[in-house]
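Student: Sending over final04.csv (CSV, C-alpha atoms).
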chain,number,residue,atom,x,y,z
L,22,MET,CA,83.2,-194.2,123.5
L,23,GLN,CA,82.4,-193.5,119.9
L,24,THR,CA,79.9,-195.7,118.1
L,25,GLU,CA,81.1,-197.2,114.8
L,26,TYR,CA,78.6,-198.0,112.2
L,27,LEU,CA,79.5,-201.1,110.1
L,28,ILE,CA,78.2,-203.0,107.1
L,29,THR,CA,79.3,-206.5,106.3
L,30,ILE,CA,81.4,-206.8,103.1
L,31,ASP,CA,79.1,-209.6,101.9
L,32,GLU,CA,76.0,-207.4,102.2
L,33,PHE,CA,77.7,-204.5,100.5
L,34,CYS,CA,78.9,-206.7,97.6
L,35,THR,CA,75.5,-208.4,97.2
L,36,LYS,CA,73.7,-205.0,97.1
L,37,HIS,CA,76.1,-203.6,94.5
L,38,ASN,CA,76.6,-206.9,92.7
L,39,ILE,CA,80.4,-206.8,92.9
L,40,GLU,CA,83.0,-209.3,93.8
L,41,VAL,CA,84.4,-209.5,97.4
L,42,SER,CA,87.9,-209.7,95.8
L,43,PHE,CA,87.5,-206.1,94.7
L,44,ILE,CA,87.0,-204.9,98.3
L,45,ASN,CA,89.9,-207.1,99.4
L,46,SER,CA,92.2,-205.6,96.7
L,47,LEU,CA,91.3,-202.1,97.8
L,48,GLN,CA,92.2,-203.0,101.4
L,49,GLN,CA,95.5,-204.5,100.3
L,50,THR,CA,96.4,-201.2,98.5
L,51,GLY,CA,95.4,-199.3,101.6
L,52,LEU,CA,92.6,-197.4,100.0
L,53,ILE,CA,90.0,-198.6,102.5
L,54,GLU,CA,90.0,-200.2,105.9
L,55,ILE,CA,88.2,-203.4,106.8
L,56,THR,CA,87.2,-204.2,110.4
L,57,THR,CA,87.1,-207.9,111.2
L,58,ILE,CA,84.9,-209.0,114.0
L,59,GLU,CA,84.7,-212.8,114.7
L,60,GLU,CA,86.1,-213.5,111.3
L,61,VAL,CA,83.5,-211.4,109.5
L,62,GLY,CA,84.7,-208.5,107.4
L,63,PHE,CA,83.0,-205.1,107.9
L,64,ILE,CA,83.3,-201.8,106.2
L,65,GLN,CA,82.7,-198.6,108.2
L,66,THR,CA,79.7,-196.8,106.8
L,67,GLU,CA,81.7,-193.5,106.6
L,68,GLN,CA,83.9,-195.2,104.0
L,69,ILE,CA,81.0,-196.2,101.8
L,70,GLN,CA,80.9,-193.0,99.8
L,71,GLN,CA,84.6,-193.3,99.0
L,72,LEU,CA,84.2,-197.0,98.2
L,73,GLU,CA,81.3,-196.3,95.8
L,74,LYS,CA,83.6,-193.8,94.1
L,75,PHE,CA,86.3,-196.5,93.7
L,76,MET,CA,83.6,-198.8,92.3
L,77,ARG,CA,82.7,-196.3,89.7
L,78,PHE,CA,86.3,-195.8,88.7
L,79,TYR,CA,86.8,-199.6,88.4
L,80,TYR,CA,83.6,-200.8,86.8
L,81,GLU,CA,82.4,-197.7,84.9
L,82,LEU,CA,85.7,-196.1,83.8
L,83,ASP,CA,87.7,-199.3,83.5
L,84,ILE,CA,90.5,-197.9,85.7
L,85,ASN,CA,92.6,-200.6,87.4
L,86,LEU,CA,93.6,-200.6,91.0
L,87,GLU,CA,97.0,-198.9,90.4
L,88,GLY,CA,95.1,-196.1,88.5
L,89,ILE,CA,92.6,-195.8,91.4
L,90,GLU,CA,95.4,-195.4,93.8
L,91,THR,CA,97.1,-192.8,91.7
L,92,ILE,CA,93.9,-190.9,91.1
L,93,SER,CA,93.0,-191.0,94.8
L,94,HIS,CA,96.3,-189.4,95.7
L,95,LEU,CA,95.9,-186.7,93.0
L,96,LEU,CA,92.3,-185.9,94.1
L,97,GLN,CA,93.5,-185.5,97.6
L,98,ARG,CA,96.1,-183.0,96.3
L,99,VAL,CA,93.4,-181.2,94.4
L,100,THR,CA,91.3,-180.9,97.6
L,101,ASP,CA,94.3,-179.7,99.5
L,102,LEU,CA,95.2,-177.1,96.9
L,103,GLN,CA,91.6,-175.9,96.7
L,104,GLU,CA,91.7,-175.4,100.5
L,105,GLU,CA,95.0,-173.6,100.2
L,106,ILE,CA,93.5,-171.3,97.5
L,107,THR,CA,90.5,-170.5,99.7
L,108,GLU,CA,92.9,-169.8,102.6
L,109,LEU,CA,95.1,-167.5,100.5
L,110,ARG,CA,92.0,-165.7,99.1
L,111,ASN,CA,90.9,-165.1,102.7
L,112,LYS,CA,94.4,-163.8,103.5
L,113,LEU,CA,94.3,-161.4,100.6
L,114,ASN,CA,91.2,-159.9,102.0
L,115,LEU,CA,93.4,-158.5,104.8
L,116,TYR,CA,95.1,-156.2,102.2
L,117,GLU,CA,92.0,-155.2,100.2
H,20,MET,CA,63.0,-181.8,73.4
H,21,ALA,CA,65.7,-180.4,71.1
H,22,PHE,CA,67.8,-182.8,69.0
H,23,ILE,CA,71.1,-183.8,70.5
H,24,ASP,CA,73.7,-185.3,68.2
H,25,TYR,CA,75.0,-188.2,70.3
H,26,TYR,CA,77.6,-189.1,67.7
H,27,LYS,CA,79.1,-185.7,67.9
H,28,ILE,CA,79.0,-185.8,71.7
H,29,LEU,CA,81.1,-189.0,71.7
H,30,GLY,CA,83.2,-187.7,68.8
H,31,ILE,CA,82.5,-190.7,66.6
H,32,ASP,CA,80.8,-191.1,63.2
H,33,LYS,CA,77.6,-192.9,62.4
H,34,SER,CA,79.4,-196.0,61.2
H,35,ALA,CA,81.1,-196.5,64.6
H,36,SER,CA,81.1,-200.0,65.9
H,37,ALA,CA,79.8,-200.9,69.4
H,38,LYS,CA,83.4,-201.2,70.4
H,39,ASP,CA,84.1,-197.7,69.1
H,40,VAL,CA,81.1,-196.4,71.1
H,41,LYS,CA,82.4,-198.1,74.3
H,42,ASN,CA,85.9,-196.8,73.8
H,43,ALA,CA,84.8,-193.3,73.0
H,44,TYR,CA,82.5,-193.2,76.1
H,45,ARG,CA,85.2,-194.6,78.4
H,46,LYS,CA,87.7,-192.1,77.1
H,47,LEU,CA,85.4,-189.1,77.7
H,48,ALA,CA,84.0,-190.4,81.0
H,49,ARG,CA,87.5,-190.6,82.3
H,50,LYS,CA,87.9,-187.0,81.4
H,51,TYR,CA,84.6,-185.6,82.7
H,52,HIS,CA,83.4,-188.0,85.4
H,53,PRO,CA,82.3,-185.9,88.4
H,54,ASP,CA,84.4,-188.0,90.7
H,55,LEU,CA,87.4,-186.8,88.8
H,56,ASN,CA,86.3,-183.2,88.6
H,57,PRO,CA,85.2,-182.2,92.1
H,58,ASN,CA,83.2,-178.9,92.1
H,59,ASN,CA,83.3,-178.5,88.3
H,60,GLN,CA,79.8,-177.8,87.0
H,61,ASP,CA,81.0,-177.8,83.3
H,62,ALA,CA,82.5,-181.3,83.7
H,63,LYS,CA,79.3,-182.5,85.3
H,64,THR,CA,77.2,-181.2,82.4
H,65,ASN,CA,79.5,-182.8,79.9
H,66,PHE,CA,79.5,-186.1,81.7
H,67,GLN,CA,75.7,-186.1,81.7
H,68,GLN,CA,75.7,-185.6,78.0
H,69,ILE,CA,78.2,-188.3,77.2
H,70,ASN,CA,76.4,-190.7,79.6
H,71,GLU,CA,73.1,-190.0,77.8
H,72,ALA,CA,74.8,-190.5,74.4
H,73,ASN,CA,76.3,-193.8,75.6
H,74,GLU,CA,72.9,-195.0,77.0
H,75,VAL,CA,71.4,-194.6,73.5
H,76,LEU,CA,74.3,-195.6,71.2
H,77,SER,CA,75.5,-198.6,73.2
H,78,ASP,CA,72.0,-200.2,73.0
H,79,PRO,CA,71.5,-201.5,69.4
H,80,GLU,CA,67.8,-201.1,69.5
H,81,LYS,CA,67.8,-197.6,70.8
H,82,ARG,CA,70.6,-196.7,68.4
H,83,LYS,CA,68.6,-198.0,65.4
H,84,LYS,CA,65.6,-195.9,66.4
H,85,TYR,CA,67.8,-192.9,67.1
H,86,ASP,CA,69.5,-193.2,63.6
H,87,GLN,CA,66.1,-193.4,62.0
H,88,TYR,CA,64.1,-190.9,63.8
H,89,GLY,CA,66.6,-188.5,65.4
H,90,LYS,CA,65.1,-186.4,68.2
H,91,ASP,CA,61.9,-188.3,68.0
H,92,TRP,CA,63.5,-191.7,68.4
H,93,GLN,CA,61.7,-192.4,71.7
H,94,HIS,CA,58.4,-192.3,69.8
H,95,ALA,CA,59.7,-194.6,67.1
H,96,ASP,CA,57.0,-197.3,67.9
H,97,ASP,CA,54.2,-194.7,67.5
H,98,PHE,CA,55.7,-193.7,64.1
H,99,GLU,CA,55.9,-197.3,63.0
H,100,LYS,CA,52.3,-197.8,63.8
H,101,GLN,CA,51.3,-194.7,61.9
H,102,LYS,CA,53.4,-195.8,58.9
H,103,GLN,CA,51.6,-199.1,58.9
H,104,GLN,CA,48.2,-197.5,59.0
H,105,GLN,CA,49.1,-195.0,56.2
H,106,SER,CA,50.5,-197.7,54.0
H,107,GLN,CA,47.3,-199.7,54.5
H,108,SER,CA,45.3,-196.6,53.5
H,109,GLY,CA,47.6,-195.8,50.5
H,110,GLY,CA,49.1,-192.5,51.9
H,111,SER,CA,52.7,-191.7,52.5
H,112,GLN,CA,54.6,-189.7,55.0
H,113,ARG,CA,58.2,-188.9,55.4
H,114,VAL,CA,59.7,-188.7,58.8
H,115,ASN,CA,62.5,-186.1,58.8
H,116,TYR,CA,65.7,-186.5,60.7
H,117,SER,CA,66.3,-183.1,62.2
H,118,GLY,CA,69.9,-182.6,63.0
H,119,GLY,CA,72.3,-179.8,63.6
H,120,ALA,CA,71.3,-178.1,66.7
H,121,SER,CA,72.6,-179.0,70.1
H,122,GLU,CA,71.7,-177.8,73.6
H,123,SER,CA,73.8,-177.6,76.6
H,124,ASP,CA,71.1,-179.2,78.7
H,125,PHE,CA,70.8,-182.9,78.7
H,126,SER,CA,67.5,-184.3,77.6
H,127,ASP,CA,64.5,-185.6,79.6
H,128,PHE,CA,65.6,-189.1,78.8
H,129,PHE,CA,68.8,-188.7,80.7
H,130,GLU,CA,67.1,-186.9,83.6
H,131,SER,CA,65.1,-190.1,84.1
H,132,MET,CA,68.3,-192.2,84.0
H,133,PHE,CA,70.9,-190.1,85.8
H,134,GLY,CA,71.4,-190.6,89.5
H,135,GLY,CA,75.1,-190.5,90.1
H,136,ALA,CA,76.0,-194.0,89.0
H,137,GLY,CA,75.7,-195.2,85.5
H,138,ALA,CA,76.7,-198.8,85.2
H,139,THR,CA,74.1,-201.5,85.2
H,140,ARG,CA,75.6,-204.4,87.0
H,141,GLY,CA,72.3,-205.9,88.2
H,142,ARG,CA,68.9,-206.3,86.9
H,143,GLN,CA,67.5,-203.5,89.0
H,144,PRO,CA,70.5,-201.3,89.6
H,145,LYS,CA,70.3,-198.9,92.5
H,146,TYR,CA,71.3,-195.4,91.8
H,147,ARG,CA,72.5,-193.1,94.4
H,148,GLY,CA,70.7,-189.7,94.2
H,149,GLU,CA,72.5,-186.8,92.7
H,150,ASP,CA,74.5,-184.5,95.0
H,151,TYR,CA,73.1,-181.0,95.3
H,152,THR,CA,75.2,-177.9,95.8
H,153,THR,CA,74.1,-174.6,97.2
H,154,GLU,CA,75.6,-171.4,98.6
H,155,ILE,CA,74.9,-169.4,101.7
H,156,HIS,CA,76.0,-165.8,101.7
H,157,MET,CA,76.4,-164.0,105.0
H,158,ASP,CA,78.3,-161.2,106.6
H,159,LEU,CA,81.0,-161.4,109.3
H,160,ILE,CA,78.5,-160.6,112.0
H,161,ASP,CA,76.2,-163.5,111.0
H,162,ALA,CA,79.2,-165.9,110.9
H,163,TYR,CA,80.2,-164.8,114.4
H,164,LYS,CA,77.1,-166.4,116.0
H,165,THR,CA,75.5,-169.8,115.8
H,166,HIS,CA,72.2,-169.3,114.0
H,167,LYS,CA,69.5,-171.2,112.2
H,168,GLN,CA,68.8,-170.7,108.6
H,169,THR,CA,66.2,-172.0,106.2
H,170,LEU,CA,67.4,-173.0,102.7
H,171,SER,CA,65.3,-173.8,99.7
H,172,VAL,CA,66.9,-176.6,97.7
H,173,ASN,CA,65.0,-178.0,94.7
H,174,GLY,CA,61.7,-176.8,96.2
H,175,ASN,CA,62.3,-178.3,99.6
H,176,ASN,CA,62.9,-176.1,102.7
H,177,ILE,CA,65.7,-177.3,104.9
H,178,ARG,CA,66.3,-175.7,108.2
H,179,ILE,CA,70.0,-175.9,109.3
H,180,THR,CA,72.0,-174.7,112.2
H,181,VAL,CA,75.1,-172.7,111.0
H,182,PRO,CA,77.7,-173.0,113.7
H,183,ALA,CA,79.6,-169.9,114.7
H,184,GLY,CA,83.0,-169.5,113.1
H,185,VAL,CA,82.3,-170.8,109.6
H,186,GLU,CA,85.0,-169.7,107.1
H,187,ASN,CA,84.6,-167.9,103.8
H,188,GLY,CA,84.7,-170.7,101.2
H,189,GLN,CA,84.1,-173.5,103.7
H,190,ILE,CA,82.0,-176.4,102.4
H,191,ILE,CA,79.8,-178.5,104.7
H,192,LYS,CA,78.0,-181.7,103.7
H,193,ILE,CA,74.5,-182.6,104.8
H,194,SER,CA,74.1,-186.3,104.2
H,195,GLY,CA,70.9,-187.5,102.5
H,196,HIS,CA,69.6,-184.1,101.5
H,197,GLY,CA,70.5,-184.4,97.9
H,198,GLY,CA,68.5,-185.9,95.1
H,199,PRO,CA,66.4,-189.0,95.8
H,200,GLY,CA,67.9,-192.4,95.0
H,201,VAL,CA,66.5,-194.6,92.3
H,202,ASN,CA,65.3,-198.2,92.8
H,203,GLY,CA,65.8,-197.9,96.6
H,204,GLY,CA,69.3,-196.4,96.2
H,205,PRO,CA,70.4,-193.9,98.9
H,206,ASN,CA,69.7,-190.2,98.6
H,207,GLY,CA,72.5,-187.9,97.4
H,208,ASP,CA,74.1,-185.3,99.7
H,209,LEU,CA,73.8,-181.6,99.9
H,210,TYR,CA,77.0,-179.5,99.8
H,211,ILE,CA,76.8,-176.0,101.2
H,212,THR,CA,79.5,-173.5,100.4
H,213,PHE,CA,79.6,-170.5,102.7
H,214,THR,CA,80.5,-167.1,101.4
H,215,VAL,CA,81.3,-164.6,104.2
H,216,ALA,CA,81.4,-161.0,103.1
H,217,ASN,CA,84.2,-158.7,104.3
H,218,HIS,CA,83.5,-156.4,107.2
H,219,PRO,CA,84.2,-152.7,106.5
H,220,THR,CA,86.6,-152.2,109.3
H,221,ILE,CA,87.4,-155.6,110.8
H,222,LYS,CA,89.4,-158.2,108.8
H,223,ARG,CA,89.5,-161.8,109.6
H,224,LEU,CA,92.2,-164.4,109.1
H,225,GLY,CA,91.2,-167.8,110.5
H,226,ASN,CA,90.0,-167.2,114.0
H,227,ASN,CA,92.0,-164.0,114.5
H,228,LEU,CA,90.6,-160.5,113.8
H,229,PHE,CA,92.4,-157.4,112.8
H,230,CYS,CA,91.4,-153.8,113.0
H,231,ASN,CA,92.9,-150.3,112.8
H,232,VAL,CA,92.0,-147.8,115.5
H,233,GLU,CA,92.6,-144.1,115.2
H,234,LEU,CA,94.3,-142.5,118.2
H,235,ASP,CA,94.4,-138.8,118.7
H,236,LEU,CA,97.9,-137.3,119.2
H,237,PHE,CA,97.3,-136.3,122.8
H,238,THR,CA,96.2,-139.7,123.9
H,239,ALA,CA,99.1,-141.3,122.0
H,240,VAL,CA,101.6,-139.0,123.8
H,241,LEU,CA,100.1,-138.8,127.2
H,242,GLY,CA,98.3,-142.1,127.4
H,243,GLY,CA,94.7,-142.6,128.4
H,244,GLU,CA,91.7,-144.8,127.8
H,245,ILE,CA,89.7,-145.4,124.7
H,246,THR,CA,86.7,-147.5,123.8
H,247,ILE,CA,86.7,-149.6,120.6
H,248,ASP,CA,84.0,-151.5,118.8
H,249,THR,CA,84.4,-155.3,118.4
H,250,LEU,CA,82.1,-157.9,117.0
H,251,ASP,CA,81.2,-158.7,120.6
H,252,GLY,CA,80.4,-155.1,121.7
H,253,LYS,CA,82.5,-152.3,123.0
H,254,VAL,CA,85.8,-152.9,124.8
H,255,LYS,CA,87.8,-150.4,126.9
H,256,LEU,CA,91.5,-150.2,126.2
H,257,LYS,CA,94.3,-148.5,128.2
H,258,VAL,CA,96.7,-146.7,125.9
H,259,LYS,CA,100.3,-146.4,127.2
H,260,PRO,CA,101.9,-143.0,127.1
H,261,GLU,CA,104.2,-142.4,124.1
H,262,THR,CA,102.4,-144.9,122.0
H,263,GLN,CA,103.9,-145.0,118.5
H,264,GLN,CA,102.2,-145.0,115.1
H,265,GLY,CA,101.5,-148.6,114.0
H,266,THR,CA,101.7,-150.1,117.6
H,267,LYS,CA,99.9,-153.4,117.7
H,268,VAL,CA,97.9,-154.6,120.7
H,269,ASN,CA,96.7,-158.2,121.0
H,270,LEU,CA,93.4,-158.7,122.7
H,271,LYS,CA,93.3,-162.4,123.7
H,272,GLY,CA,90.0,-164.1,123.2
H,273,LYS,CA,88.4,-161.2,121.5
H,274,GLY,CA,88.7,-162.6,118.0
H,275,PHE,CA,86.4,-165.0,116.1
H,276,PRO,CA,84.8,-168.1,117.6
H,277,VAL,CA,86.6,-171.3,116.8
H,278,TYR,CA,84.3,-173.4,114.5
H,279,LYS,CA,82.6,-176.2,116.5
H,280,ASN,CA,84.6,-175.4,119.6
H,281,GLU,CA,82.1,-173.6,121.8
H,282,GLY,CA,83.6,-171.0,124.1
H,283,MET,CA,86.9,-170.8,122.2
H,284,PHE,CA,87.9,-167.6,120.4
H,285,GLY,CA,90.8,-166.3,118.5
H,286,ASP,CA,92.5,-163.0,119.2
H,287,LEU,CA,91.8,-159.4,118.1
H,288,GLN,CA,94.8,-157.4,116.9
H,289,VAL,CA,94.4,-153.7,117.2
H,290,THR,CA,96.8,-151.4,115.2
H,291,TYR,CA,96.9,-147.8,116.3
H,292,ILE,CA,96.8,-145.1,113.6
H,293,ILE,CA,97.8,-141.8,115.2
H,294,LYS,CA,95.9,-138.9,113.9
H,295,ILE,CA,97.7,-135.6,113.6
H,296,PRO,CA,95.5,-132.7,114.6
H,297,THR,CA,94.5,-130.2,111.9
H,298,ASN,CA,93.0,-126.7,111.9
H,299,LEU,CA,95.0,-125.7,114.9
H,300,THR,CA,94.1,-122.5,116.7
H,301,ASP,CA,96.7,-119.9,117.3
H,302,LYS,CA,97.0,-120.9,120.9
H,303,GLN,CA,97.5,-124.5,120.0
H,304,LYS,CA,100.1,-123.6,117.4
H,305,SER,CA,102.1,-121.5,119.9
H,306,LEU,CA,101.9,-124.3,122.4
H,307,PHE,CA,103.3,-126.7,119.8
H,308,GLU,CA,106.1,-124.2,119.1
H,309,GLU,CA,106.8,-124.0,122.8
H,310,LEU,CA,106.9,-127.8,122.9
H,311,ALA,CA,109.2,-127.9,119.9
H,312,LYS,CA,111.6,-125.4,121.6
H,313,ALA,CA,111.6,-127.4,124.8
H,314,SER,CA,112.5,-130.4,122.7
H,315,ASN,CA,115.5,-128.5,121.3
H,316,ARG,CA,114.2,-128.4,117.8
Output the file's structure as structure tokens, nothing else.
Tutor:
Amino acid sequence: MQTEYLITIDEFCTKHNIEVSFINSLQQTGLIEITTIEEVGFIQTEQIQQLEKFMRFYYELDINLEGIETISHLLQRVTDLQEEITELRNKLNLYE
Amino acid sequence: MAFIDYYKILGIDKSASAKDVKNAYRKLARKYHPDLNPNNQDAKTNFQQINEANEVLSDPEKRKKYDQYGKDWQHADDFEKQKQQQSQSGGSQRVNYSGGASESDFSDFFESMFGGAGATRGRQPKYRGEDYTTEIHMDLIDAYKTHKQTLSVNGNNIRITVPAGVENGQIIKISGHGGPGVNGGPNGDLYITFTVANHPTIKRLGNNLFCNVELDLFTAVLGGEITIDTLDGKVKLKVKPETQQGTKVNLKGKGFPVYKNEGMFGDLQVTYIIKIPTNLTDKQKSLFEELAKASNR
């Protein structure tokens, strides 16, 4: 069985001084997943880096949730395309 | 520290209001924020500069000092003291605003501030440490086997295990080995990009390897046994009689190790290149002629 590392939403929000409603909105748009155990909401620690990125978009760059969702999809496409470029470059090596 | 024109960086003039500063910063931050420009060093440098410009110009007190003293604005209090002393003693001294030059590097001020997160939402904001990036160059034979390697990142030696099968261009993250966090914030991460150099004779595509093997005409016609070099040592191959130029033979499990799947390997595809003999002796020529006649040519 795989161990999951979790942090409570309240603790995360207190540490970063942000509203719990922001986390809930991210969950509603499907950008993050929340685990609920005995009515307490938790965030998986592996999602924290992504969550902090969304926080920066929202609080520092003034990007709304719809914008974050769009950017998130586009960044995923950039990552996929970068991987494809690397793969194609490696394929090109066969003919060099 | 060289003078950096913060107004120029934000694209505003000296009469810009606080709202103008904020808008200009937000606009540029949306363009250059590292989160929006993954693996883009230029964007990162630009973002550091605009962040620094914003830190100074969005703070009325810092901005006032900057406007008055330029590059020396951080020592404004010392200058003020000096001024007072000189006016008391009757002397005068003009403090020059030195403008014009700009450097690509951000200033020391920013170095002390920047940690991957800029906003100050609390009294003592915690900054996540900066992410570091580095490269490891290796050849195909190194990438074939799991090995340990010591890296020097910002003066610290980190010993890592490089699993067999890393790809050219692959990036791995080592959590917590980036820059230190500020005010108890977490450390950044270290991102390592692997560059695997081409092998002179063996090509790689994913987990499969490809190589050309020269076959002499006689073995190609009559069949036989040859020994080829692979990354895993020598391998004996049976060659079928009447093997044609360009024939491909697939050697299952003789390719590259599958990344993080111990014991799993791709295939090795061997392509035969038939070598026509040269500098034939008279006897060899007459034998070929005899062969040609026998073949009705």
Student: What's the separation between CA of Asn226 (chain H) and CA of Val277 (chain H), in Å to one decimal place?
Tutor: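 Computing it gives 6.0 Å between the two atoms.
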Student: Go ahead and compute the interatomic distance for CA of Asn59 (chain H) and CA of Ile53 (chain L), in Å to one decimal.
Tutor: 25.5 Å
Student: In Å, with one decimal, what is the gap from CA of Gln189 (chain H) to CA of Thr214 (chain H)?
Tutor: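 A separation of 7.7 Å between them.
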Student: Here is a test: counting all atoms listed in the file, which residue of L:Leu72, L:Leu102, L:Leu47, L:Ile39 is nearest to chain H?
Tutor: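 Among the listed residues, the smallest separation from chain H belongs to L:Ile39.
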Student: Measuring between only C-alpha atoms, which one of L:Asp83, L:Glu90, L:Glu105, L:Glu117 shows the shortest distance to Gln48 (chain L)?
Tutor: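 Of L:Asp83, L:Glu90, L:Glu105, L:Glu117, the one nearest Gln48 (chain L), counting only C-alpha atoms, is L:Glu90.
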Student: Residues of chain L were defined as contacting chain H if any atom lay at most 8 Å from it, counting only C-alpha atoms; please report them as a PDB file with C-alpha atoms, in the frame of the given file.
Tutor:
ATOM      1  CA  HIS L  37      76.100-203.600  94.500  1.00  0.00           C
ATOM      2  CA  ASN L  38      76.600-206.900  92.700  1.00  0.00           C
ATOM      3  CA  ILE L  39      80.400-206.800  92.900  1.00  0.00           C
ATOM      4  CA  LYS L  74      83.600-193.800  94.100  1.00  0.00           C
ATOM      5  CA  ARG L  77      82.700-196.300  89.700  1.00  0.00           C
ATOM      6  CA  TYR L  80      83.600-200.800  86.800  1.00  0.00           C
ATOM      7  CA  GLU L  81      82.400-197.700  84.900  1.00  0.00           C
ATOM      8  CA  LEU L  82      85.700-196.100  83.800  1.00  0.00           C
ATOM      9  CA  ASP L  83      87.700-199.300  83.500  1.00  0.00           C
ATOM     10  CA  LEU L  96      92.300-185.900  94.100  1.00  0.00           C
ATOM     11  CA  THR L 107      90.500-170.500  99.700  1.00  0.00           C
ATOM     12  CA  ASN L 111      90.900-165.100 102.700  1.00  0.00           C
ATOM     13  CA  LYS L 112      94.400-163.800 103.500  1.00  0.00           C
ATOM     14  CA  ASN L 114      91.200-159.900 102.000  1.00  0.00           C
ATOM     15  CA  LEU L 115      93.400-158.500 104.800  1.00  0.00           C
TER      16      LEU L 115
END
Student: Taking 2 positions as the minimum chain separation for residues in the same chain, which residues sit within 10 Å of Leu52 (chain L) when counting only C-alpha atoms? Answer as a PyMOL selection string.
Tutor: chain L and resi 44+46-50+54+68+71-72+75+86+89-90+93-94
Student: Name all residues at most 6 Å from region 55-63 of chain L (count only C-alpha atoms; drop same-chain ones fewer than 5 positions away) and give them as a PDB file with C-alpha atoms, in the coordinates of the input.
Tutor:
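Listing of result.pdb after writing:
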ATOM      1  CA  LEU L  27      79.500-201.100 110.100  1.00  0.00           C
ATOM      2  CA  ILE L  28      78.200-203.000 107.100  1.00  0.00           C
ATOM      3  CA  THR L  29      79.300-206.500 106.300  1.00  0.00           C
ATOM      4  CA  ILE L  30      81.400-206.800 103.100  1.00  0.00           C
TER       5      ILE L  30
END
Student: Which residue, H:Phe22, H:Trp92, H:Tyr291, H:Phe66, has the smallest gap to Thr238 (chain H) when you use all atoms listed in the file?
Tutor: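 When distances to Thr238 (chain H) are compared using all atoms listed in the file, the smallest one comes from H:Tyr291.
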Student: Taking 6 positions as the minimum chain separation for residues in the same chain, which residues sit within 9 Å of region 254-262 of chain H when counting only C-alpha atoms? Answer as a list of chain:residue names.
Tutor: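 Once the adjacent positions are removed, what remains is H:Thr238, H:Ala239, H:Val240, H:Leu241, H:Gly242, H:Gly243, H:Glu244, H:Ile245, H:Thr246, H:Ile247, H:Asp248, H:Tyr291, H:Ile293.
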